[in-house]
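S.K.: Supplied in structure tokens, the structure appears directly below.
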Amino acid sequence: MDKEYDLIIIGAGPGGTDAAEEAASRGLKTAIIEKSCIGGTCLNRGCIPTKTILHTAELYREAREGNGIGIINNENLKVDAAVLQENKESILDKLRSGLTYTMEHCGVDIIEGTGVITDRNHVKVGDSLIEADNIMIATGSVPGVPPIPGSDLPNVVTSDEMLSLDRIPESLVIIGGGVIGIEFAAIYSSLGCRVTVIEFLKRALCNLDKEIGRSVSMVLGKRGVDIHTNSRVEEITPGSDGKTLRCIYEKKGKACEAEGEMVLIAAGRRPYTDGLICDESSEEVKQLKMEKGRIVVDENYETSVPGIYAIGDAIGGIQLAHVASAEGRNAAAHIAGGQPPVRMNEVPSCVYTDPEIACVGITADDAKEAGIKVIARKYPMSGNGKSVLTQQERGFIKIIADAESEKILGAQMMCARATDMISQFSQAIASELTLDDMSKFIYPHPTFCEGIGKAAGR
């Protein structure tokens with residue numbers, strides 16, 4: 001027996017590291033186990049690298065389109081994919097170093113290796129058996145790959161491989177029009193790649209407000225992205241020239257096809273629990289309750305095995321880094337005998353396209369289905385001075401409020417800096433603010449957030 005802890009956390013992504021910090025702040029002796037790089041998917045293969053590349057892509061597109069605002073374009077303007085990757089890795093190294101320092105400063109031990117749960121109080125890492133009063137699973141998720149014939153062909157990739165490309169393909173077919181697919185469509189279309197998106201559902205970003213789905217399709221369509229909805233991919237085959245790939249799909253009963261130099265499968269993510277339990281594990285641990293690949297937990301994030309907890313993408317639900325962080329903090333607080341420090345009622349969702357998209361609370365359609373009478377206030381950002389002077393495209397701010405009390409129940413935003421401003425609506429919902437309350441604040445001018453006051457006061 002090497003060491004004893006109050007809590008061992010398996011997985012050092014946002015959920016695991018925030019749980020470790022919370023646990024340590026409450027006096028729990030804590031260790032975190034990570035088999036790869038600290039920061040998990042979000043920092044290494046998800047949020048941060050995606051937005052880093054997106055930042056370059058947006059600057060490149062703006063520079064190409066800058067003649068109208070006095071920036072003279074020339075034929076030498078280009079993106080060096082190798083330098084882009086170097087910049088990305090530099091940013092990731094900096095953030096990993098900062099996260100490592102935070103863990104060490106909090107007194108959290110970082111253990112490198114793969115954690116295997118042998119029983120409710122022990123985790124095996126290599127040849128070491130580590131004891132703890134509690135165990136938390138924070139192993140996250142991996143890209144889901146549906147059983148499409150040809151998905152194993154060269155140049156058929158997931159987001160993991162796409163983020164490490166040292167070249168920009170001339171053409172790309174994306175299978176999936178959800179958040180991941182649409183963000184990559186925005187990135188690579190801005191980099192000059194010809195992009196086709198094939199989505200099974202009736203519209204892009206189908207889980208969000210329907211006006212957002214329609215609007216983002218219009219914006220991307222103007223930039224040359226070809227989006228096909230209500231379409232099912234049947235097969236991926238080599239292209240006619242031997243250099244491309246052909247996606248054969250069915251749309252409204254008709255056989256269609258799209259060709260691209262690469263095919264990105266962006267059909268969601270699945271909980272990653274591989275290798276957590278082995279032949280040496282106790283029968284109790286082997287019977288850990290799971291449903292459709294996700295770990296089942298109660299309201300305190302405790303699994304069917306007492307003392308073993310699970311959070312984040314591993315338990316399914318809303319697969320967002322900030323949700324995993326909140327769950328990790330709440331679970332750690334429960335283990336320490338405290339109350340949950342984070343409200344889980346208002347969860348903002350963000351899509352990092354241009355313009356950005358952010359939502360929280362309910363939509364008008366949600367309210368209709370629930371039988372709630374609401375007021376919908378909408379302000380088109382074409383009337384916002386900051387939006388006009390920064391050359392922003394189609395955008396709006398929509399607020400959903402209770403029809404009688406006018407308390408804010410939800411908001412949907414498609415505009416610049418939407419992902420930074422959405423928390424104002426999270427706070428409004430939590431504080432039970434009304435439309436009148438929000439319209440009374442002074443919003444600085446010129447700013448994007450002026451649109452909030454305009455929408456609330458209309």
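Each chain in the structure tokens gets a letter, A, B, ..., in the order shown, and its residues are numbered from 1; ligands are numbered from 1 in order too.
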DSSP on the backbone, then: every residue of range 109-315 of chain A marked strand (DSSP E or B), written as a PyMOL selection string.
M.R.: chain A and resi 109-112+115-119+122-125+128-137+141-143+156-157+171-175+194-198+226-228+231-238+245-251+254-260+262-265+269-271+277+290-291+294-295+302+308-310
S.K.: Hey, can you spit out that residue selection with C-alpha atoms as an mmCIF file, in the first residue's frame?
M.R.:
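In the end it all went to again_14.cif:
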```
data_model
loop_
_atom_site.group_PDB
_atom_site.id
_atom_site.type_symbol
_atom_site.label_atom_id
_atom_site.label_comp_id
_atom_site.auth_asym_id
_atom_site.auth_seq_id
_atom_site.Cartn_x
_atom_site.Cartn_y
_atom_site.Cartn_z
ATOM 1 C CA ASP A 109 -0.980 14.953 -5.816
ATOM 2 C CA ILE A 110 -0.828 14.290 -9.571
ATOM 3 C CA ILE A 111 -0.303 10.637 -10.429
ATOM 4 C CA GLU A 112 0.576 9.719 -14.014
ATOM 5 C CA GLY A 115 -6.366 4.192 -13.002
ATOM 6 C CA VAL A 116 -8.165 0.857 -12.590
ATOM 7 C CA ILE A 117 -10.710 0.464 -9.798
ATOM 8 C CA THR A 118 -10.117 -2.797 -7.954
ATOM 9 C CA ASP A 119 -12.674 -2.265 -5.160
ATOM 10 C CA HIS A 122 -8.558 0.979 -4.065
ATOM 11 C CA VAL A 123 -7.276 2.120 -7.436
ATOM 12 C CA LYS A 124 -4.421 0.404 -9.224
ATOM 13 C CA VAL A 125 -1.969 2.515 -11.236
ATOM 14 C CA SER A 128 0.925 0.612 -7.297
ATOM 15 C CA LEU A 129 -2.249 0.053 -5.316
ATOM 16 C CA ILE A 130 -3.580 3.322 -3.897
ATOM 17 C CA GLU A 131 -6.105 3.457 -1.077
ATOM 18 C CA ALA A 132 -8.793 6.094 -0.589
ATOM 19 C CA ASP A 133 -12.005 6.570 1.344
ATOM 20 C CA ASN A 134 -13.700 7.779 -1.845
ATOM 21 C CA ILE A 135 -13.137 7.447 -5.578
ATOM 22 C CA MET A 136 -14.406 9.806 -8.275
ATOM 23 C CA ILE A 137 -14.615 8.873 -11.958
ATOM 24 C CA SER A 141 -15.756 11.133 -23.381
ATOM 25 C CA VAL A 142 -14.319 10.291 -26.795
ATOM 26 C CA PRO A 143 -15.654 10.924 -30.310
ATOM 27 C CA VAL A 156 -11.701 9.746 -42.486
ATOM 28 C CA VAL A 157 -11.077 11.423 -39.149
ATOM 29 C CA SER A 171 -12.372 20.195 -49.475
ATOM 30 C CA LEU A 172 -14.010 18.637 -46.439
ATOM 31 C CA VAL A 173 -17.202 16.663 -45.857
ATOM 32 C CA ILE A 174 -18.514 16.817 -42.296
ATOM 33 C CA ILE A 175 -20.905 14.131 -41.064
ATOM 34 C CA ARG A 194 -14.829 23.944 -49.534
ATOM 35 C CA VAL A 195 -17.090 22.439 -46.842
ATOM 36 C CA THR A 196 -20.142 20.196 -47.069
ATOM 37 C CA VAL A 197 -22.174 19.278 -43.978
ATOM 38 C CA ILE A 198 -24.479 16.259 -43.904
ATOM 39 C CA ASP A 226 -23.207 23.419 -48.371
ATOM 40 C CA ILE A 227 -25.511 22.056 -45.625
ATOM 41 C CA HIS A 228 -27.765 19.056 -46.270
ATOM 42 C CA SER A 231 -29.864 13.205 -44.750
ATOM 43 C CA ARG A 232 -28.468 9.827 -43.726
ATOM 44 C CA VAL A 233 -24.922 8.788 -44.690
ATOM 45 C CA GLU A 234 -24.971 5.231 -46.051
ATOM 46 C CA GLU A 235 -21.349 4.668 -47.019
ATOM 47 C CA ILE A 236 -17.946 6.273 -47.479
ATOM 48 C CA THR A 237 -15.962 5.143 -50.529
ATOM 49 C CA PRO A 238 -12.796 6.235 -52.355
ATOM 50 C CA LEU A 245 -13.493 10.405 -50.558
ATOM 51 C CA ARG A 246 -17.122 10.065 -51.527
ATOM 52 C CA CYS A 247 -19.938 10.200 -48.960
ATOM 53 C CA ILE A 248 -23.021 8.464 -50.275
ATOM 54 C CA TYR A 249 -26.137 9.605 -48.459
ATOM 55 C CA GLU A 250 -29.910 9.348 -48.726
ATOM 56 C CA LYS A 251 -32.048 12.492 -48.709
ATOM 57 C CA LYS A 254 -32.995 9.947 -53.186
ATOM 58 C CA ALA A 255 -29.406 8.745 -53.362
ATOM 59 C CA CYS A 256 -26.929 11.641 -53.211
ATOM 60 C CA GLU A 257 -23.192 12.009 -52.825
ATOM 61 C CA ALA A 258 -20.615 14.543 -51.709
ATOM 62 C CA GLU A 259 -16.874 14.411 -52.312
ATOM 63 C CA GLY A 260 -14.071 15.795 -50.221
ATOM 64 C CA MET A 262 -11.189 14.491 -46.075
ATOM 65 C CA VAL A 263 -14.250 13.334 -44.160
ATOM 66 C CA LEU A 264 -14.792 14.471 -40.567
ATOM 67 C CA ILE A 265 -17.124 12.338 -38.462
ATOM 68 C CA ARG A 269 -19.287 11.837 -28.252
ATOM 69 C CA ARG A 270 -19.651 8.757 -26.058
ATOM 70 C CA PRO A 271 -18.751 8.315 -22.370
ATOM 71 C CA ILE A 277 -12.765 -2.102 -14.368
ATOM 72 C CA MET A 290 -24.457 1.568 -16.257
ATOM 73 C CA GLU A 291 -27.005 2.435 -18.945
ATOM 74 C CA ARG A 294 -22.919 5.887 -19.208
ATOM 75 C CA ILE A 295 -22.414 5.507 -15.463
ATOM 76 C CA GLU A 302 -22.692 8.668 -6.153
ATOM 77 C CA ILE A 308 -17.558 5.699 -5.741
ATOM 78 C CA TYR A 309 -18.714 8.843 -7.542
ATOM 79 C CA ALA A 310 -18.847 9.850 -11.206
#
```
S.K.: Could you tell me, as a count of residues only, which residues of range 293-325 of chain A DSSP assigns to helix (DSSP H, G or I) when given the backbone?
M.R.: 9
S.K.: In Å, with one decimal, what is the gap from CA of Asp437 in chain A to CA of Ala403 in chain A?
M.R.: 15.0 Å
S.K.: Between A:Gly113, A:Gln319, A:Ala63, A:Asn76, which has the minimum distance to Ile33 in chain A (counting only C-alpha atoms)?
M.R.: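 Going through A:Gly113, A:Gln319, A:Ala63, A:Asn76 one by one, the smallest distance to Ile33 in chain A is for A:Gly113.
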S.K.: Between CA of Leu320 in chain A and CA of Thr17 in chain A, what distance in Å does the model show, to one decimal?
M.R.: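 Separation of CA of Leu320 in chain A and CA of Thr17 in chain A: 14.7 Å.
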S.K.: Fewer than 6 positions away in the same chain doesn't count, so skip those; otherwise give me all residues within 7 Å of Asp166 in chain A, counting only C-alpha atoms, as a ChimeraX atom specification.
M.R.: /A:81-82,85
S.K.: Deliver the residues from the most recent selection as a file, using N, CA and C atoms, as an mmCIF file, in the first residue's frame.
M.R.:
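File produced: selection_18.cif:
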```cif
data_model
loop_
_atom_site.group_PDB
_atom_site.id
_atom_site.type_symbol
_atom_site.label_atom_id
_atom_site.label_comp_id
_atom_site.auth_asym_id
_atom_site.auth_seq_id
_atom_site.Cartn_x
_atom_site.Cartn_y
_atom_site.Cartn_z
ATOM 1 N N ALA A 81 -0.248 26.449 -41.896
ATOM 2 C CA ALA A 81 -0.848 25.470 -40.989
ATOM 3 C C ALA A 81 0.159 24.962 -39.955
ATOM 4 N N ALA A 82 1.427 24.872 -40.346
ATOM 5 C CA ALA A 82 2.443 24.394 -39.403
ATOM 6 C C ALA A 82 2.640 25.393 -38.268
ATOM 7 N N GLN A 85 -0.272 25.319 -35.898
ATOM 8 C CA GLN A 85 -0.158 24.214 -34.938
ATOM 9 C C GLN A 85 0.859 24.537 -33.845
#
```
S.K.: Rounded to one decimal place, report the CA of Pro147 in chain A-CA of Leu165 in chain A distance in Å.
M.R.: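 Taking CA of Pro147 in chain A and CA of Leu165 in chain A, their separation equals 24.1 Å.
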S.K.: From the list A:Lys407, A:Arg417, A:Lys51, A:Arg26, which residue is nearest Met438 in chain A when using only C-alpha atoms?
M.R.: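 Result for the nearest residue to Met438 in chain A: A:Lys407.
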S.K.: Return as JSON lines the residues of range 289-349 of chain A lying at most 12 Å from range 360-369 of chain A, together with the closest atom-to-atom pair for each and the distance in Å to one decimal, counting only C-alpha atoms, with rows in chain order and ascending residue number.
M.R.:
```
{"residue": "A:Met344", "atom": "CA", "partner": "A:Gly361", "partner_atom": "CA", "distance": 11.3}
{"residue": "A:Asn345", "atom": "CA", "partner": "A:Gly361", "partner_atom": "CA", "distance": 8.4}
{"residue": "A:Glu346", "atom": "CA", "partner": "A:Gly361", "partner_atom": "CA", "distance": 6.0}
{"residue": "A:Val347", "atom": "CA", "partner": "A:Val360", "partner_atom": "CA", "distance": 6.0}
{"residue": "A:Pro348", "atom": "CA", "partner": "A:Val360", "partner_atom": "CA", "distance": 4.5}
{"residue": "A:Ser349", "atom": "CA", "partner": "A:Val360", "partner_atom": "CA", "distance": 6.4}
```
S.K.: Can you tell me, as JSON, numbers by chain, what residues are no more than 8 Å from range 387-392 of chain A when counting only C-alpha atoms, ignoring any on the same chain fewer than 4 positions away?
M.R.: {"A": [355, 381, 382, 383, 415, 416, 448]}
S.K.: Compare A:Val79, A:Met218, A:Ile168, A:Ala12 by their minimum atom-to-atom distance to Leu59 in chain A, counting only C-alpha atoms, and give me the closest one.
M.R.: A:Val79
S.K.: Which is closer to Thr100 in chain A than all the others in A:Pro149, A:Pro169, A:Gly66, A:Gly13, using only C-alpha atoms?
M.R.: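 Ranking A:Pro149, A:Pro169, A:Gly66, A:Gly13 by distance to Thr100 in chain A, first place goes to A:Gly13.
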